[in-house]
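Text of model-v6.cif, listed as mmCIF, C-alpha atoms and all ligand atoms:
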data_start
loop_
_atom_site.label_atom_id
_atom_site.label_comp_id
_atom_site.auth_asym_id
_atom_site.auth_seq_id
_atom_site.Cartn_x
_atom_site.Cartn_y
_atom_site.Cartn_z
CA MET A 1 -29.10 2.67 2.46
CA LEU A 2 -27.62 5.18 4.83
CA SER A 3 -26.84 2.59 7.48
CA SER A 4 -24.94 0.30 5.11
CA VAL A 5 -22.89 3.20 3.74
CA LEU A 6 -22.02 4.25 7.29
CA GLN A 7 -21.08 0.73 8.16
CA SER A 8 -18.85 0.23 5.15
CA ILE A 9 -17.03 3.51 5.83
CA GLN A 10 -16.57 2.53 9.49
CA GLU A 11 -15.03 -0.74 8.32
CA GLU A 12 -12.57 1.16 6.13
CA LEU A 13 -11.62 3.41 9.06
CA ALA A 14 -11.22 0.68 11.64
CA PRO A 15 -7.67 -0.43 10.75
CA TYR A 16 -6.55 3.20 11.08
CA GLN A 17 -8.54 3.88 14.27
CA ALA A 18 -9.80 7.03 12.60
CA LYS A 19 -13.03 8.72 13.53
CA LEU A 20 -15.89 9.47 11.17
CA ILE A 21 -17.41 12.93 11.20
CA ALA A 22 -20.60 12.76 9.14
CA VAL A 23 -20.81 16.10 7.37
CA SER A 24 -24.52 16.84 7.39
CA LYS A 25 -24.53 20.47 6.24
CA THR A 26 -27.56 21.34 4.09
CA TYR A 27 -29.31 18.06 4.96
CA PRO A 28 -32.57 18.13 6.91
CA LYS A 29 -32.85 16.90 10.48
CA GLU A 30 -34.77 13.77 9.49
CA ILE A 31 -31.78 12.52 7.54
CA LEU A 32 -29.45 13.21 10.46
CA LEU A 33 -31.80 11.32 12.72
CA GLU A 34 -31.66 8.37 10.36
CA ALA A 35 -27.86 8.39 10.62
CA TYR A 36 -28.15 8.76 14.40
CA GLU A 37 -30.40 5.74 14.56
CA ALA A 38 -27.79 3.83 12.58
CA GLY A 39 -25.34 4.65 15.39
CA GLN A 40 -23.62 7.79 14.10
CA ARG A 41 -22.93 10.30 16.90
CA GLU A 42 -20.51 12.86 15.41
CA PHE A 43 -21.78 15.33 12.87
CA GLY A 44 -20.07 18.19 11.02
CA GLU A 45 -21.75 21.47 10.10
CA ASN A 46 -20.41 24.69 8.63
CA ARG A 47 -23.11 27.27 9.29
CA VAL A 48 -23.81 28.69 12.71
CA GLN A 49 -27.56 29.12 12.41
CA GLU A 50 -27.97 25.66 10.95
CA VAL A 51 -26.00 23.86 13.67
CA VAL A 52 -27.79 25.82 16.40
CA ASP A 53 -31.18 24.77 15.00
CA LYS A 54 -30.16 21.16 14.52
CA ALA A 55 -28.56 20.86 17.96
CA ALA A 56 -31.74 22.16 19.60
CA ALA A 57 -33.91 19.64 17.76
CA LEU A 58 -31.77 16.49 17.78
CA PRO A 59 -30.61 14.13 20.56
CA GLU A 60 -28.33 15.64 23.18
CA ASP A 61 -25.58 13.05 22.93
CA ILE A 62 -24.65 14.15 19.42
CA LYS A 63 -21.17 15.66 19.18
CA TRP A 64 -21.29 18.70 16.91
CA HIS A 65 -18.18 19.54 14.95
CA PHE A 66 -17.98 23.01 13.47
CA ILE A 67 -15.96 22.54 10.30
CA GLY A 68 -16.45 25.80 8.41
CA HIS A 69 -15.06 29.28 8.59
CA LEU A 70 -16.24 30.78 11.87
CA GLN A 71 -16.77 34.49 12.28
CA THR A 72 -15.69 35.93 15.61
CA ASN A 73 -19.06 37.55 16.25
CA LYS A 74 -20.84 34.20 15.95
CA VAL A 75 -18.77 32.15 18.36
CA LYS A 76 -21.20 32.91 21.19
CA TYR A 77 -24.01 30.97 19.53
CA ILE A 78 -22.15 27.67 19.36
CA ALA A 79 -20.01 28.01 22.49
CA PRO A 80 -22.59 26.38 24.80
CA PHE A 81 -22.55 23.05 23.01
CA VAL A 82 -19.95 22.67 20.23
CA HIS A 83 -17.68 19.63 20.58
CA LEU A 84 -14.77 20.60 18.34
CA ILE A 85 -14.04 23.65 16.19
CA HIS A 86 -11.96 22.48 13.21
CA ALA A 87 -11.06 25.66 11.44
CA VAL A 88 -9.36 28.12 13.76
CA ASP A 89 -7.50 30.48 11.50
CA SER A 90 -6.59 33.50 13.63
CA PHE A 91 -5.49 34.31 17.16
CA LYS A 92 -8.39 36.71 17.42
CA LEU A 93 -10.80 33.85 16.84
CA LEU A 94 -8.97 31.63 19.32
CA LYS A 95 -9.26 34.37 21.96
CA GLU A 96 -12.95 34.83 21.36
CA ILE A 97 -13.55 31.08 21.62
CA ASP A 98 -11.70 31.14 24.93
CA ASN A 99 -13.84 34.02 26.24
CA ARG A 100 -17.07 32.39 25.25
CA ALA A 101 -16.00 29.01 26.59
CA ALA A 102 -15.20 30.64 29.94
CA ALA A 103 -18.58 32.34 29.99
CA ASN A 104 -20.13 28.90 29.56
CA ASN A 105 -17.87 27.24 32.13
CA ARG A 106 -16.42 24.98 29.49
CA VAL A 107 -13.19 24.09 27.79
CA ILE A 108 -13.60 24.03 24.02
CA ASP A 109 -11.32 21.91 21.86
CA VAL A 110 -10.05 23.39 18.61
CA LEU A 111 -7.87 22.52 15.63
CA LEU A 112 -5.58 24.91 13.81
CA GLN A 113 -6.37 25.04 10.11
CA PHE A 114 -3.34 24.94 7.86
CA LYS A 115 -3.34 26.00 4.25
CA ILE A 116 -2.05 22.89 2.52
CA ALA A 117 -3.65 23.14 -0.90
CA GLU A 118 -1.17 24.19 -3.53
CA GLU A 119 -4.02 26.12 -5.13
CA ASP A 120 -5.03 29.45 -3.62
CA THR A 121 -7.52 29.16 -0.81
CA LYS A 122 -8.96 31.84 1.38
CA TYR A 123 -8.92 30.08 4.72
CA GLY A 124 -6.34 28.57 6.98
CA TYR A 125 -2.95 29.78 8.05
CA GLU A 126 0.29 29.53 6.21
CA ALA A 127 2.49 27.28 8.32
CA ALA A 128 4.88 30.14 9.06
CA GLU A 129 2.02 32.18 10.52
CA ILE A 130 1.04 29.37 12.87
CA PHE A 131 4.55 28.89 14.16
CA GLU A 132 4.88 32.63 14.59
CA MET A 133 1.63 32.81 16.51
CA LEU A 134 2.64 29.99 18.84
CA ASP A 135 6.03 31.59 19.40
CA GLU A 136 4.83 35.11 19.96
CA LEU A 137 1.26 35.23 21.19
CA PRO A 138 0.02 34.27 24.66
CA TRP A 139 -2.04 31.27 23.61
CA GLN A 140 -0.94 29.32 26.69
CA ASP A 141 -2.84 31.81 28.85
CA LEU A 142 -6.09 30.77 27.23
CA LYS A 143 -7.37 28.36 29.87
CA ASN A 144 -10.71 27.57 28.29
CA THR A 145 -9.47 26.39 24.91
CA ARG A 146 -7.39 23.37 24.12
CA ILE A 147 -5.54 23.06 20.83
CA VAL A 148 -5.92 19.34 20.13
CA GLY A 149 -4.50 19.13 16.63
CA VAL A 150 -4.58 20.33 13.05
CA MET A 151 -6.95 20.42 10.11
CA GLY A 152 -6.49 20.90 6.40
CA MET A 153 -8.14 20.56 3.03
CA ALA A 154 -6.34 19.23 -0.01
CA THR A 155 -6.71 20.62 -3.49
CA TYR A 156 -9.76 19.40 -5.37
CA THR A 157 -8.01 17.55 -8.19
CA ASP A 158 -7.67 14.13 -9.79
CA ASP A 159 -3.94 14.27 -9.22
CA GLN A 160 -3.62 11.68 -6.44
CA GLU A 161 0.08 12.34 -6.02
CA GLN A 162 -0.58 15.99 -5.30
CA VAL A 163 -3.35 15.25 -2.81
CA ALA A 164 -1.19 12.69 -1.01
CA ARG A 165 1.66 15.19 -0.90
CA GLU A 166 -0.58 17.86 0.64
CA PHE A 167 -1.83 15.47 3.32
CA ARG A 168 1.73 14.38 4.03
CA GLN A 169 2.64 18.03 4.47
CA LEU A 170 -0.11 18.46 7.08
CA HIS A 171 1.17 15.41 8.94
CA THR A 172 4.64 16.95 8.94
CA TYR A 173 3.29 20.20 10.38
CA PHE A 174 1.45 18.20 13.03
CA LYS A 175 4.66 16.47 14.09
CA ARG A 176 6.52 19.73 14.23
CA LEU A 177 3.87 21.30 16.44
CA LYS A 178 3.79 18.20 18.63
CA ASP A 179 7.55 18.21 19.12
CA THR A 180 7.84 21.93 19.62
CA TYR A 181 4.83 22.94 21.71
CA PHE A 182 2.75 19.92 22.73
CA LYS A 183 5.25 17.22 23.58
CA TYR A 184 3.66 16.45 26.95
CA GLN A 185 0.06 17.20 25.98
CA SER A 186 -1.38 13.79 25.22
CA TYR A 187 -4.57 15.44 24.01
CA PHE A 188 -2.69 17.00 21.08
CA LYS A 189 -3.23 14.09 18.72
CA GLU A 190 -5.73 14.93 16.00
CA ILE A 191 -5.19 15.33 12.28
CA SER A 192 -8.50 16.20 10.63
CA MET A 193 -8.10 15.49 6.92
CA GLY A 194 -9.98 13.64 4.22
CA MET A 195 -13.39 14.14 2.59
CA SER A 196 -15.59 11.97 0.36
CA GLY A 197 -13.28 12.23 -2.64
CA ASP A 198 -9.92 11.80 -0.95
CA TYR A 199 -10.25 10.15 2.46
CA PRO A 200 -8.45 6.89 1.53
CA LEU A 201 -5.37 8.97 0.73
CA ALA A 202 -5.79 10.92 3.97
CA LEU A 203 -5.96 7.71 6.00
CA ALA A 204 -2.79 6.45 4.36
CA GLU A 205 -1.09 9.70 5.39
CA GLY A 206 -2.14 9.50 9.03
CA SER A 207 -5.57 11.12 9.32
CA THR A 208 -7.27 10.60 12.70
CA MET A 209 -10.61 12.03 11.65
CA VAL A 210 -12.25 12.17 8.25
CA ARG A 211 -15.04 14.59 7.38
CA ILE A 212 -17.34 12.81 4.96
CA GLY A 213 -20.55 14.29 3.59
CA SER A 214 -21.73 13.50 0.09
CA LYS A 215 -20.58 9.88 0.17
CA ILE A 216 -22.96 9.30 3.08
CA PHE A 217 -25.84 11.63 2.36
CA GLY A 218 -25.67 12.08 -1.42
CA GLU A 219 -24.70 15.05 -3.53
CA ARG A 220 -25.69 18.45 -2.16
CA ASP A 221 -27.48 20.97 -4.40
C1 LIG B 1 -18.44 20.02 3.06
C2 LIG B 1 -17.17 19.74 3.76
C3 LIG B 1 -16.69 18.43 3.89
C4 LIG B 1 -17.39 17.22 3.30
O1 LIG B 1 -17.31 17.23 1.92
P1 LIG B 1 -17.81 15.98 1.03
O2 LIG B 1 -17.08 16.13 -0.24
O3 LIG B 1 -19.28 16.14 0.91
O4 LIG B 1 -17.45 14.74 1.77
C5 LIG B 1 -15.52 18.23 4.61
N1 LIG B 1 -14.85 19.27 5.15
C6 LIG B 1 -15.27 20.53 5.03
C7 LIG B 1 -14.48 21.62 5.66
C8 LIG B 1 -16.44 20.82 4.33
O5 LIG B 1 -16.85 22.08 4.23
#
Could you take the file, read its structure, and then write that structure out as structure tokens?
Amino acid sequence: MLSSVLQSIQEELAPYQAKLIAVSKTYPKEILLEAYEAGQREFGENRVQEVVDKAAALPEDIKWHFIGHLQTNKVKYIAPFVHLIHAVDSFKLLKEIDNRAAANNRVIDVLLQFKIAEEDTKYGYEAAEIFEMLDELPWQDLKNTRIVGVMGMATYTDDQEQVAREFRQLHTYFKRLKDTYFKYQSYFKEISMGMSGDYPLALAEGSTMVRIGSKIFGERD
């Protein structure tokens, strides 16, 4: 039962005061509606067309999290309604989000995606690049975006020690950013880490939001 799975995950999150993002990518609207009726309000999607279609068809009080790689030329489609963009991985993208947010009279919250996996991954910044960007580029002039925290994905491996170490690394980056650039910005507080296979480790390392898909909705094709 979807509702009992949601409830048991919520009970696991409660002691950590972490938020559940139900990752509903590839699942049909009816299934999302079932989760909605069980009380779930935050959903994660990773394709622009899919989230646009689902947002148009589903209740308006759903908060849509965009968790995938976002192409600059597609920002305009989600800018009117997206709640949080998890995977900002270039200044160019940040600037485009700011432009499109302004055009919609909104402020859009974003997370900076760090590369934390010790394996090679395509997306996310190396930590050094993020610190360089914040030191050198005029991100503080972007009035329609708010950087509210960080996001990362651990290596897909059975090695629990490694996964824990990668999450701990993201927490360390978060603290460094907080101390250096966001000391007085109380909204800078989010660490988006943890998926179906590794969220207990992420919680133990300080996650504030977990992105869980298959554990709730079943394996995707
Ligand atoms: C698909 C996805 C998830 C959820 O993965 P599950 O293993 O199904 O929980 C979380 N984060 C991102 C970025 C994803 O693309």
Next item on the list: Could you please extract the residues within 10 Å of ligand LIG 1 (chain B), counting all atoms listed in the file, and hand them back as a PyMOL selection string?
Entry: chain A and resi 21-26+44-47+66-69+86-87+113+151-154+156+192-199+210-220
Notebook entry, point to check: When distances are computed from only C-alpha atoms, which of A:Ile85, A:Ile116, A:Ala56, A:Val163 shows the smallest separation from A:Ala128?
Noted result: A:Ile116
Checklist line | Selection near stretch 88-103 of chain A, 10 Å with all atoms listed in the file, sequence-local residues under 5 positions removed, as a PyMOL selection string | finding: chain A and resi 67-82+108-115+123-126+129-130+133-134+137-139+141-147+150-151
Notebook entry, point to check: So which residues touch A:Leu20 within 9 Å, counting only C-alpha atoms, skipping near sequence neighbours fewer than 4 positions away, as a ChimeraX atom specification?
Noted result: /A:6,9-10,13,40,42-43,208-212
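Distances here use only C-alpha atoms; by that measure, the residue among A:Ala18, A:Asn105, A:Ala38, A:Lys29 closest to A:Met1 is A:Ala38.
In this comparison, which uses only C-alpha atoms, the residue of A:Lys54, A:Ala35, A:Glu205, A:Lys189 approaching A:Ser4 most closely is A:Ala35.
A straight line drawn from atom CA of A:Asp135 to atom CA of A:Tyr187 is 19.9 Å long.
One finds atom CA of A:Gln17 at 10.0 Å from atom CA of A:Gly206.
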Next item on the list: Name all residues at most 10 Å from A:Gln160 (count only C-alpha atoms; drop same-chain ones fewer than 5 positions away) and give them as a VMD selection string.
Entry: chain A and resid 155 165 to 166 198 201
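One finds atom CA of A:Gln140 at 13.4 Å from atom CA of A:Val107.
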Item checked: Residue nearest A:Ala204 - candidates A:Phe167, A:Ala55, A:Ser3, A:Ala117, atoms counted: all atoms listed in the file -> A:Phe167
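Considering all atoms listed in the file, the residue among A:Asp61, A:Glu190, A:Glu118, A:Glu37 positioned nearest to A:Lys19 is A:Glu190.
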Would you mind completing stretch 166-192 of chain A so that it carries N, CA, C and O atoms, and writing it out as a PDB file, keeping the file's coordinate frame?
ATOM      1  N   GLU A 166      -0.030  16.804  -0.229  1.00  0.00           N
ATOM      2  CA  GLU A 166      -0.580  17.860   0.640  1.00  0.00           C
ATOM      3  C   GLU A 166      -0.938  17.292   2.014  1.00  0.00           C
ATOM      4  O   GLU A 166      -0.679  17.922   3.043  1.00  0.00           O
ATOM      5  N   PHE A 167      -1.518  16.099   2.025  1.00  0.00           N
ATOM      6  CA  PHE A 167      -1.830  15.470   3.320  1.00  0.00           C
ATOM      7  C   PHE A 167      -0.555  15.155   4.099  1.00  0.00           C
ATOM      8  O   PHE A 167      -0.495  15.319   5.312  1.00  0.00           O
ATOM      9  N   ARG A 168       0.455  14.688   3.379  1.00  0.00           N
ATOM     10  CA  ARG A 168       1.730  14.380   4.030  1.00  0.00           C
ATOM     11  C   ARG A 168       2.326  15.643   4.660  1.00  0.00           C
ATOM     12  O   ARG A 168       2.882  15.615   5.745  1.00  0.00           O
ATOM     13  N   GLN A 169       2.158  16.746   3.956  1.00  0.00           N
ATOM     14  CA  GLN A 169       2.640  18.030   4.470  1.00  0.00           C
ATOM     15  C   GLN A 169       1.940  18.385   5.794  1.00  0.00           C
ATOM     16  O   GLN A 169       2.572  18.824   6.757  1.00  0.00           O
ATOM     17  N   LEU A 170       0.631  18.148   5.846  1.00  0.00           N
ATOM     18  CA  LEU A 170      -0.110  18.460   7.080  1.00  0.00           C
ATOM     19  C   LEU A 170       0.385  17.583   8.228  1.00  0.00           C
ATOM     20  O   LEU A 170       0.545  18.052   9.352  1.00  0.00           O
ATOM     21  N   HIS A 171       0.646  16.321   7.916  1.00  0.00           N
ATOM     22  CA  HIS A 171       1.170  15.410   8.940  1.00  0.00           C
ATOM     23  C   HIS A 171       2.526  15.902   9.460  1.00  0.00           C
ATOM     24  O   HIS A 171       2.817  15.847  10.656  1.00  0.00           O
ATOM     25  N   THR A 172       3.341  16.401   8.546  1.00  0.00           N
ATOM     26  CA  THR A 172       4.640  16.950   8.940  1.00  0.00           C
ATOM     27  C   THR A 172       4.482  18.161   9.853  1.00  0.00           C
ATOM     28  O   THR A 172       5.165  18.277  10.873  1.00  0.00           O
ATOM     29  N   TYR A 173       3.549  19.042   9.511  1.00  0.00           N
ATOM     30  CA  TYR A 173       3.290  20.200  10.380  1.00  0.00           C
ATOM     31  C   TYR A 173       2.824  19.734  11.760  1.00  0.00           C
ATOM     32  O   TYR A 173       3.232  20.277  12.787  1.00  0.00           O
ATOM     33  N   PHE A 174       1.943  18.738  11.751  1.00  0.00           N
ATOM     34  CA  PHE A 174       1.450  18.200  13.030  1.00  0.00           C
ATOM     35  C   PHE A 174       2.623  17.748  13.902  1.00  0.00           C
ATOM     36  O   PHE A 174       2.701  18.092  15.080  1.00  0.00           O
ATOM     37  N   LYS A 175       3.536  17.003  13.302  1.00  0.00           N
ATOM     38  CA  LYS A 175       4.660  16.470  14.090  1.00  0.00           C
ATOM     39  C   LYS A 175       5.549  17.594  14.622  1.00  0.00           C
ATOM     40  O   LYS A 175       6.037  17.532  15.742  1.00  0.00           O
ATOM     41  N   ARG A 176       5.707  18.602  13.782  1.00  0.00           N
ATOM     42  CA  ARG A 176       6.520  19.730  14.230  1.00  0.00           C
ATOM     43  C   ARG A 176       5.886  20.460  15.404  1.00  0.00           C
ATOM     44  O   ARG A 176       6.558  20.819  16.367  1.00  0.00           O
ATOM     45  N   LEU A 177       4.579  20.657  15.325  1.00  0.00           N
ATOM     46  CA  LEU A 177       3.870  21.300  16.440  1.00  0.00           C
ATOM     47  C   LEU A 177       3.964  20.434  17.689  1.00  0.00           C
ATOM     48  O   LEU A 177       4.230  20.922  18.786  1.00  0.00           O
ATOM     49  N   LYS A 178       3.747  19.140  17.500  1.00  0.00           N
ATOM     50  CA  LYS A 178       3.790  18.200  18.630  1.00  0.00           C
ATOM     51  C   LYS A 178       5.154  18.289  19.321  1.00  0.00           C
ATOM     52  O   LYS A 178       5.222  18.457  20.532  1.00  0.00           O
ATOM     53  N   ASP A 179       6.216  18.203  18.529  1.00  0.00           N
ATOM     54  CA  ASP A 179       7.550  18.210  19.120  1.00  0.00           C
ATOM     55  C   ASP A 179       7.918  19.541  19.755  1.00  0.00           C
ATOM     56  O   ASP A 179       8.648  19.596  20.737  1.00  0.00           O
ATOM     57  N   THR A 180       7.410  20.619  19.165  1.00  0.00           N
ATOM     58  CA  THR A 180       7.840  21.930  19.620  1.00  0.00           C
ATOM     59  C   THR A 180       7.011  22.474  20.780  1.00  0.00           C
ATOM     60  O   THR A 180       7.548  23.062  21.709  1.00  0.00           O
ATOM     61  N   TYR A 181       5.695  22.270  20.726  1.00  0.00           N
ATOM     62  CA  TYR A 181       4.830  22.940  21.710  1.00  0.00           C
ATOM     63  C   TYR A 181       3.971  21.989  22.541  1.00  0.00           C
ATOM     64  O   TYR A 181       3.448  22.395  23.569  1.00  0.00           O
ATOM     65  N   PHE A 182       3.755  20.774  22.071  1.00  0.00           N
ATOM     66  CA  PHE A 182       2.750  19.920  22.730  1.00  0.00           C
ATOM     67  C   PHE A 182       3.303  18.551  23.097  1.00  0.00           C
ATOM     68  O   PHE A 182       2.566  17.562  23.141  1.00  0.00           O
ATOM     69  N   LYS A 183       4.594  18.492  23.335  1.00  0.00           N
ATOM     70  CA  LYS A 183       5.250  17.220  23.580  1.00  0.00           C
ATOM     71  C   LYS A 183       4.581  16.426  24.705  1.00  0.00           C
ATOM     72  O   LYS A 183       4.431  15.216  24.633  1.00  0.00           O
ATOM     73  N   TYR A 184       4.199  17.127  25.767  1.00  0.00           N
ATOM     74  CA  TYR A 184       3.660  16.450  26.950  1.00  0.00           C
ATOM     75  C   TYR A 184       2.139  16.563  27.044  1.00  0.00           C
ATOM     76  O   TYR A 184       1.555  16.231  28.045  1.00  0.00           O
ATOM     77  N   GLN A 185       1.524  17.064  25.978  1.00  0.00           N
ATOM     78  CA  GLN A 185       0.060  17.200  25.980  1.00  0.00           C
ATOM     79  C   GLN A 185      -0.520  16.026  25.188  1.00  0.00           C
ATOM     80  O   GLN A 185      -0.607  16.070  23.976  1.00  0.00           O
ATOM     81  N   SER A 186      -0.914  14.995  25.918  1.00  0.00           N
ATOM     82  CA  SER A 186      -1.380  13.790  25.220  1.00  0.00           C
ATOM     83  C   SER A 186      -2.638  14.062  24.403  1.00  0.00           C
ATOM     84  O   SER A 186      -2.950  13.329  23.468  1.00  0.00           O
ATOM     85  N   TYR A 187      -3.345  15.132  24.755  1.00  0.00           N
ATOM     86  CA  TYR A 187      -4.570  15.440  24.010  1.00  0.00           C
ATOM     87  C   TYR A 187      -4.263  16.024  22.625  1.00  0.00           C
ATOM     88  O   TYR A 187      -5.122  16.064  21.751  1.00  0.00           O
ATOM     89  N   PHE A 188      -3.043  16.481  22.412  1.00  0.00           N
ATOM     90  CA  PHE A 188      -2.690  17.000  21.080  1.00  0.00           C
ATOM     91  C   PHE A 188      -2.385  15.818  20.178  1.00  0.00           C
ATOM     92  O   PHE A 188      -1.270  15.312  20.139  1.00  0.00           O
ATOM     93  N   LYS A 189      -3.399  15.335  19.459  1.00  0.00           N
ATOM     94  CA  LYS A 189      -3.230  14.090  18.720  1.00  0.00           C
ATOM     95  C   LYS A 189      -4.064  14.003  17.446  1.00  0.00           C
ATOM     96  O   LYS A 189      -4.030  12.991  16.756  1.00  0.00           O
ATOM     97  N   GLU A 190      -4.793  15.053  17.121  1.00  0.00           N
ATOM     98  CA  GLU A 190      -5.730  14.930  16.000  1.00  0.00           C
ATOM     99  C   GLU A 190      -5.227  15.546  14.703  1.00  0.00           C
ATOM    100  O   GLU A 190      -4.658  16.640  14.696  1.00  0.00           O
ATOM    101  N   ILE A 191      -5.445  14.803  13.621  1.00  0.00           N
ATOM    102  CA  ILE A 191      -5.190  15.330  12.280  1.00  0.00           C
ATOM    103  C   ILE A 191      -6.487  15.144  11.496  1.00  0.00           C
ATOM    104  O   ILE A 191      -6.844  14.032  11.108  1.00  0.00           O
ATOM    105  N   SER A 192      -7.213  16.248  11.320  1.00  0.00           N
ATOM    106  CA  SER A 192      -8.500  16.200  10.630  1.00  0.00           C
ATOM    107  C   SER A 192      -8.251  16.429   9.147  1.00  0.00           C
ATOM    108  O   SER A 192      -8.001  17.553   8.715  1.00  0.00           O
TER     109      SER A 192
END
